[in-house]
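J.: Please see the structure below; I have some questions.
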Amino acid sequence: MDIENIRQYVDDRPGEGVFRVHRDAFTDPKIFELEMKYIFERNWNFITLESEIAKAHDFVASQIGRTPIIVSRDARGNIGAFVNACRHKGATVCRASAGNAKYHVCPYHGWAYDSAGKNVDIKDRKAGCYAAAFDAGNHDLLPVARVGNYRGMIFASLSPDVPPLEVWLGDMRTLLDISIDQGEQGLEFVPGRSTYTFRANWKLQLDNALDAYHLTSTHTSFMDVVARRRKGDGHQEARQYDWGTRGEAVGGMYSFANGHSCTWADQPERTKRPIWPMIGAIRERVGDVRAEWMLRLRQLGVFPNMQINDAAGVILRVIRPLAVDLTEMHSYCLASKGESAEVRARRLRQFEDFFNPGGMATPDDTVSYADVQRGFSATGFDWVDGYARGTAALAPDNDLSRELGLKPGASAQGVWNMFNEVALHEPYREWARMMEAGLAGKKAFL
Ligand code: FES
Ligand SMILES: [Fe+2]
């Protein structure tokens with residue numbers, strides 16, 4: 001493959017019903033470097049929820065591509081973001097992942113910065129015999145170009161050349177709203193997060209979150225456990241769904257501009273949804289159409305680094321690529337602020353049962369990613385075909401999208417066990433578009 005002709009890596013021929021991705025996109029370290037530069041570092045990235053930095057001087061440390069950042073609320077209540085690299089010699093100024101600090105003091109030589117990123121102390125400055133040119137210089141932490149807040153979801157971009165956050169999210173906002181509006185006061189993270197790595201390319205996680213096809217094969221041990229519970233054995237509190245026997249339920253996908261995508265399905269066991277006890281009040285507050293969407297299963301991919309899976313509890317995942325074959329995941333349990341202890345407990349039991357390294361599903365997925373990465377190194381294995389299911393069901397929109405007021409770029413609808421893979425087309429189109437713009441020396445967004 002020829003990197004200069006990056007579009008070749010995504011074999012996208014809608015007229016012929018062909019969509020394939022070349023395996024080098026997952027295995028070539030040179031591609032990985034370009035992804036950091038032209039996708040992650042020139043795009044909005046999800047960072048955290050506003051509720052994590054609710055008070056003055058609260059901060060969260062994160063990463064955009066290869067750049068460590070701090071997102072912080074300053075003394076006046078403004079949210080800012082700064083590169084977490086000391087202006088003296090580049091050491092990590094803030095090593096904690098989150099907290100509250102009026103000042104961040106660099107552990108290497110003690111330069112200090114306030115919660116707005118301003119340099120407030122250079123240790124032993126008077127004795128340092130600095131030249132006037134140094135004194136005239138700016139030594140504040142480098143600001144991150146853009147910080148955006150969509151209804152309590154904080155995103156940041158290292159590049160100033162991105163559309164306004166709301167424009168960039170487009171109609172994906174409606175699907176985020178479906179999650180945000182489940183409680184009257186919006187969302188929060190249940191305290192704590194899970195961090196784990198897998199030995200595979202980050203795009204395998206991008207794919208998996210929108211892929212329901214693997215469920216009935218990868219997670220058979222989980223299915224078996226759930227089947228035994230149906231007979232009354234074992235842990236009943238999770239009220240887990242009967243995943244294996246819902247093939248005829250309605251399901252589909254929507255995708256939107258800028259790489260965002262959603263896979264969804266009707267949920268026949270709606271009484272097991274954590275929000276079920278409040279569904280009457282929810283209907284009154286948001287209307288029947290949105291309440292129905294809250295009961296459906298929804299897997300959202302906000303390109304490139306954030307996923308919300310509202311299926312077994314609600315998980316928010318942040319993807320952090322470390323190398324072409326190594327990825328770090330941060331995952332959080334999302335919950336409505338102010339919900340009752342009973343609902344919170346039900347949500348947590350579902351979540352911990354299924355997700356994260358201690359759950360019964362995530363380890364199966366991450367092992368599969370590592371297997372796939374091994375398969376991609378096979379001689380002669382060039383093209384990945386796993387983007388084909390649902391191609392013949394593609395349509396511009398459908399009744400459900402119109403009812404919700406969505407204008408998707410593409411939709412597909414059928415039975416759940418169509419297990420569409422076409423939700424992945426738009427993320428890979430956006431991948432190719434941004435890579436091509438970068439290689440051509442053009443801005444990512446016009
Ligand atoms: S690197 Fe931070 S004070 Fe020297
Ligand atoms: Fe899975």
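Simple scheme: letters A, B, ... for chains in structure tokens order, numbers from 1 for residues in each chain, numbers from 1 for ligands in the order shown.
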Need to verify the contact set: segment 63-67 of chain A, 6 Å, only C-alpha atoms, exclusion of same-chain residues closer than 4 positions in sequence. Can you return it as JSON, numbers by chain?
T.: {"A": [36, 40, 41]}
J.: Once you count only C-alpha atoms and all ligand atoms, which residues end up within 7 Å of ligand 1, and could you hand them over as a list of chain:residue names?
T.: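 My answer, listing the contacting residues, is A:Cys86, A:Arg87, A:His88, A:Lys89, A:Gly90, A:Ala91, A:Val93, A:Cys106, A:Pro107, A:Tyr108, A:His109, A:Gly110, A:Trp111.
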J.: Kindly save the residues from that selection, with C-alpha atoms included, as a PDB file, in the first residue's frame.
T.:
```
ATOM      1  CA  CYS A  86       6.227  22.138  32.200  1.00  0.00           C
ATOM      2  CA  ARG A  87       7.523  25.154  30.297  1.00  0.00           C
ATOM      3  CA  HIS A  88      10.914  24.704  32.001  1.00  0.00           C
ATOM      4  CA  LYS A  89      11.956  21.324  30.583  1.00  0.00           C
ATOM      5  CA  GLY A  90       8.766  19.568  29.686  1.00  0.00           C
ATOM      6  CA  ALA A  91       8.204  17.381  32.759  1.00  0.00           C
ATOM      7  CA  VAL A  93       3.397  19.047  35.853  1.00  0.00           C
ATOM      8  CA  CYS A 106       6.193  20.725  38.748  1.00  0.00           C
ATOM      9  CA  PRO A 107       7.909  17.846  40.562  1.00  0.00           C
ATOM     10  CA  TYR A 108      11.186  18.304  38.621  1.00  0.00           C
ATOM     11  CA  HIS A 109      12.450  21.832  39.535  1.00  0.00           C
ATOM     12  CA  GLY A 110       9.426  23.301  41.268  1.00  0.00           C
ATOM     13  CA  TRP A 111       7.953  25.792  38.800  1.00  0.00           C
TER      14      TRP A 111
END
```
J.: Which of these, A:Asn305, A:Thr197, A:Asn208, A:Gln182, has the shortest distance to ligand 2 once you count only C-alpha atoms and all ligand atoms?
T.: A:Asn208
J.: Let me see if you get this right: every residue at most 12 Å from ligand 2, counting only C-alpha atoms and all ligand atoms, written as a ChimeraX atom specification.
T.: /A:204-223,243,299,309,311-312,354-357,359-369
J.: Atoms to include: C-alpha atoms. Write the selected residues as a PDB file, in the first residue's frame.
T.:
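Final output, saved to part-v1.pdb:
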```
ATOM      1  CA  LEU A 204     -10.770  -2.689  16.934  1.00  0.00           C
ATOM      2  CA  GLN A 205     -12.457  -1.043  19.911  1.00  0.00           C
ATOM      3  CA  LEU A 206     -14.016   1.519  17.565  1.00  0.00           C
ATOM      4  CA  ASP A 207     -15.502  -1.407  15.620  1.00  0.00           C
ATOM      5  CA  ASN A 208     -16.523  -3.566  18.549  1.00  0.00           C
ATOM      6  CA  ALA A 209     -18.656  -0.929  20.258  1.00  0.00           C
ATOM      7  CA  LEU A 210     -20.918  -0.723  17.201  1.00  0.00           C
ATOM      8  CA  ASP A 211     -20.841  -4.466  16.482  1.00  0.00           C
ATOM      9  CA  ALA A 212     -23.626  -6.632  17.914  1.00  0.00           C
ATOM     10  CA  TYR A 213     -22.711  -9.531  15.589  1.00  0.00           C
ATOM     11  CA  HIS A 214     -20.082 -10.892  17.978  1.00  0.00           C
ATOM     12  CA  LEU A 215     -22.404 -11.059  20.971  1.00  0.00           C
ATOM     13  CA  THR A 216     -23.837 -14.521  20.417  1.00  0.00           C
ATOM     14  CA  SER A 217     -20.433 -16.103  19.721  1.00  0.00           C
ATOM     15  CA  THR A 218     -17.807 -14.152  21.696  1.00  0.00           C
ATOM     16  CA  HIS A 219     -19.937 -14.015  24.824  1.00  0.00           C
ATOM     17  CA  THR A 220     -21.340 -17.545  24.900  1.00  0.00           C
ATOM     18  CA  SER A 221     -20.056 -18.198  28.425  1.00  0.00           C
ATOM     19  CA  PHE A 222     -21.911 -15.089  29.557  1.00  0.00           C
ATOM     20  CA  MET A 223     -25.031 -16.300  27.726  1.00  0.00           C
ATOM     21  CA  TRP A 243     -29.400 -11.628  24.817  1.00  0.00           C
ATOM     22  CA  GLN A 299     -24.379   1.983  21.103  1.00  0.00           C
ATOM     23  CA  ASN A 309     -23.090   1.825  25.301  1.00  0.00           C
ATOM     24  CA  ALA A 311     -27.238  -1.745  27.042  1.00  0.00           C
ATOM     25  CA  ALA A 312     -26.300  -3.354  30.357  1.00  0.00           C
ATOM     26  CA  PHE A 354     -21.015  -7.343  31.958  1.00  0.00           C
ATOM     27  CA  PHE A 355     -18.324  -4.648  31.577  1.00  0.00           C
ATOM     28  CA  ASN A 356     -14.676  -4.050  32.462  1.00  0.00           C
ATOM     29  CA  PRO A 357     -11.860  -6.516  33.205  1.00  0.00           C
ATOM     30  CA  GLY A 359     -17.049  -8.313  34.153  1.00  0.00           C
ATOM     31  CA  MET A 360     -18.054 -11.327  32.115  1.00  0.00           C
ATOM     32  CA  ALA A 361     -17.997  -9.693  28.651  1.00  0.00           C
ATOM     33  CA  THR A 362     -15.114  -7.213  28.291  1.00  0.00           C
ATOM     34  CA  PRO A 363     -12.298  -9.790  28.718  1.00  0.00           C
ATOM     35  CA  ASP A 364     -13.793 -11.867  25.872  1.00  0.00           C
ATOM     36  CA  ASP A 365     -13.755  -8.787  23.649  1.00  0.00           C
ATOM     37  CA  THR A 366     -10.197  -7.698  24.424  1.00  0.00           C
ATOM     38  CA  VAL A 367      -8.852 -11.223  23.855  1.00  0.00           C
ATOM     39  CA  SER A 368     -10.603 -11.194  20.492  1.00  0.00           C
ATOM     40  CA  TYR A 369      -8.929  -7.895  19.557  1.00  0.00           C
TER      41      TYR A 369
END
```
J.: Mind giving me the straight-line distance from atom CA of Val10 of chain A to atom CA of Ile308 of chain A in Å, one decimal?
T.: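 These two atoms are separated by 25.1 Å.
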J.: Give me the residues within 8 Å of segment 161-170 of chain A as a VMD selection string, counting only C-alpha atoms and dropping any in the same chain fewer than 3 places off.
T.: chain A and resid 42 to 44 148 to 150 155 157 173 256 to 258 260 302 443 to 446
J.: Let's see if you can do this: from backbone DSSP, list all helix (DSSP H, G or I) residues in segment 107-318 of chain A, as a count of residues only.
T.: 73
J.: With only C-alpha atoms as the basis for distance, which of A:Leu348, A:Leu187, A:Val83, A:Ala423 is at the shortest distance from Gln240 of chain A?
T.: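 When distances to Gln240 of chain A are compared using only C-alpha atoms, the smallest one comes from A:Leu348.
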J.: Might you pull out every residue within 12 Å of Val18 of chain A, with only C-alpha atoms counted and same-chain residues fewer than 5 positions away left off, and present them as JSON, numbers by chain?
T.: {"A": [10, 11, 12, 13, 383, 384, 385, 386, 387, 388, 389, 390, 391, 392, 422, 425]}
J.: For the selection just defined, write its residues with C-alpha atoms to a file, as a tab-separated table (two decimals), in the first residue's frame.
T.:
```
chain	number	residue	atom	x	y	z
A	10	VAL	CA	-10.62	2.10	2.65
A	11	ASP	CA	-12.10	0.35	-0.37
A	12	ASP	CA	-15.41	2.19	-0.45
A	13	ARG	CA	-17.52	1.56	-3.55
A	383	TRP	CA	-8.46	-6.97	3.20
A	384	VAL	CA	-10.83	-6.98	6.15
A	385	ASP	CA	-14.31	-7.90	5.00
A	386	GLY	CA	-16.18	-7.31	8.27
A	387	TYR	CA	-18.06	-4.22	7.12
A	388	ALA	CA	-20.65	-5.86	4.87
A	389	ARG	CA	-23.68	-6.89	6.96
A	390	GLY	CA	-26.63	-4.59	6.35
A	391	THR	CA	-25.37	-3.18	3.05
A	392	ALA	CA	-28.55	-4.18	1.21
A	422	VAL	CA	-22.56	-0.62	8.02
A	425	HIS	CA	-18.68	2.96	7.19
```
J.: Check the smallest atom-to-atom distance from each of A:Pro304, A:Gly137, A:Gly247, A:Pro160 to Pro268 of chain A using only C-alpha atoms, then report the winner.
T.: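 Result for the nearest residue to Pro268 of chain A: A:Gly247.
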J.: How close does each residue of segment 43-153 of chain A get to segment 327-332 of chain A, giving the shortest atom pair and distance in Å to one decimal for every residue with an atom at most 12 Å away, counting only C-alpha atoms, sorted by chain and residue number, as a tab-separated table?
T.:
```
residue	atom	partner	partner_atom	distance
A:Phe46	CA	A:His330	CA	11.6
A:Ile47	CA	A:His330	CA	10.7
A:Thr48	CA	A:Tyr332	CA	10.1
A:Leu49	CA	A:Tyr332	CA	10.6
A:Glu52	CA	A:Tyr332	CA	11.8
A:Ser62	CA	A:His330	CA	10.3
A:Gln63	CA	A:Glu328	CA	11.1
A:Gly65	CA	A:Thr327	CA	11.6
A:Ser97	CA	A:His330	CA	11.5
```
J.: Write a file of the just-selected residues containing all heavy atoms, as a short mmCIF file (atom, residue, chain, number, x, y, z; two decimals), in the first residue's frame.
T.:
```
data_model
loop_
_atom_site.label_atom_id
_atom_site.label_comp_id
_atom_site.auth_asym_id
_atom_site.auth_seq_id
_atom_site.Cartn_x
_atom_site.Cartn_y
_atom_site.Cartn_z
N PHE A 46 -13.33 13.79 23.29
CA PHE A 46 -14.04 13.82 24.58
C PHE A 46 -13.01 13.77 25.70
O PHE A 46 -12.07 12.97 25.66
CB PHE A 46 -15.00 12.64 24.70
CG PHE A 46 -15.64 12.56 26.06
CD1 PHE A 46 -16.73 13.37 26.37
CD2 PHE A 46 -15.14 11.72 27.04
CE1 PHE A 46 -17.31 13.33 27.64
CE2 PHE A 46 -15.72 11.67 28.32
CZ PHE A 46 -16.81 12.48 28.61
N ILE A 47 -13.20 14.59 26.73
CA ILE A 47 -12.25 14.61 27.86
C ILE A 47 -12.89 14.10 29.15
O ILE A 47 -12.41 13.18 29.78
CB ILE A 47 -11.69 16.03 28.10
CG1 ILE A 47 -11.08 16.59 26.81
CG2 ILE A 47 -10.66 16.02 29.24
CD1 ILE A 47 -9.91 15.82 26.25
N THR A 48 -14.00 14.70 29.55
CA THR A 48 -14.61 14.31 30.83
C THR A 48 -16.01 14.90 30.91
O THR A 48 -16.47 15.57 29.99
CB THR A 48 -13.74 14.79 32.03
OG1 THR A 48 -14.22 14.20 33.23
CG2 THR A 48 -13.76 16.31 32.17
N LEU A 49 -16.69 14.64 32.00
CA LEU A 49 -17.98 15.28 32.26
C LEU A 49 -17.75 16.53 33.11
O LEU A 49 -16.86 16.54 33.99
CB LEU A 49 -18.92 14.34 33.04
CG LEU A 49 -19.43 13.09 32.34
CD1 LEU A 49 -20.45 12.39 33.24
CD2 LEU A 49 -20.08 13.42 31.00
N GLU A 52 -17.35 16.30 36.84
CA GLU A 52 -16.06 15.90 37.43
C GLU A 52 -15.21 17.12 37.81
O GLU A 52 -14.22 16.99 38.53
CB GLU A 52 -15.26 15.04 36.44
CG GLU A 52 -15.89 13.71 36.13
CD GLU A 52 -15.83 12.76 37.32
OE1 GLU A 52 -14.74 12.24 37.60
OE2 GLU A 52 -16.87 12.56 37.98
N SER A 62 -5.73 14.35 31.22
CA SER A 62 -6.14 13.47 30.13
C SER A 62 -5.09 13.52 29.03
O SER A 62 -3.94 13.92 29.26
CB SER A 62 -7.52 13.91 29.64
OG SER A 62 -8.01 13.03 28.66
N GLN A 63 -5.50 13.17 27.84
CA GLN A 63 -4.56 13.01 26.72
C GLN A 63 -5.32 13.29 25.43
O GLN A 63 -6.45 12.85 25.28
CB GLN A 63 -4.10 11.54 26.73
CG GLN A 63 -2.93 11.22 25.90
CD GLN A 63 -1.62 11.38 26.63
OE1 GLN A 63 -1.61 11.49 27.86
NE2 GLN A 63 -0.55 11.41 25.88
N GLY A 65 -4.35 12.49 21.64
CA GLY A 65 -3.28 11.91 20.83
C GLY A 65 -2.05 11.69 21.71
O GLY A 65 -2.13 11.03 22.74
N SER A 97 -4.50 11.90 38.23
CA SER A 97 -5.46 11.83 37.14
C SER A 97 -6.64 12.78 37.35
O SER A 97 -7.32 13.16 36.40
CB SER A 97 -5.97 10.39 36.95
OG SER A 97 -6.58 9.96 38.14
#
```
J.: Tell me, as a list in words, which residues lie within 6 Å of Gly252 of chain A, counting only C-alpha atoms; anything in the same chain fewer than 6 positions away does not count.
T.: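 The filter keeps Thr263, Trp264, Ala412 and Gln413 of chain A.
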J.: Export N, CA, C and O atoms of the chosen residues as a compact mmCIF listing (two decimals), in the first residue's frame?
T.:
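What landed in out01.txt:
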```txt
# COMPACT_ATOMS: atom_id res chain seq x y z
N THR A 263 -25.54 2.20 16.63
CA THR A 263 -26.26 0.96 16.39
C THR A 263 -27.33 0.86 17.48
O THR A 263 -27.07 1.20 18.63
N TRP A 264 -28.53 0.42 17.12
CA TRP A 264 -29.60 0.39 18.12
C TRP A 264 -30.48 -0.85 17.93
O TRP A 264 -30.45 -1.49 16.87
N ALA A 412 -30.00 2.04 8.46
CA ALA A 412 -30.37 0.68 8.06
C ALA A 412 -31.31 0.17 9.13
O ALA A 412 -31.14 0.49 10.31
N GLN A 413 -32.30 -0.58 8.73
CA GLN A 413 -33.24 -1.11 9.72
C GLN A 413 -33.68 -2.50 9.29
O GLN A 413 -33.87 -2.76 8.10
```
J.: Just the strand (DSSP E) stuff from segment 112-331 of chain A, please, per backbone DSSP, written as a PyMOL selection string.
T.: chain A and resi 112-114+119-121+146-150+153-157+187-189+194-198+250-255+261-265+297-302+306-311+313-323+326-331
J.: Pick out the residues sitting within 10 Å of Ala265 of chain A, and hand them over as an MDAnalysis selection string; count only C-alpha atoms, and ignore anything fewer than 6 positions along from it in its own chain.
T.: chainID A and resid 212 246 249:253 293 295:299 311 413:417 419
J.: Find, counting only C-alpha atoms, the residue in A:Val120, A:Ile6, A:Ile69, A:Ala127 that gets nearest to Asp24 of chain A.
T.: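 The answer is A:Ile6, which sits nearest to Asp24 of chain A.
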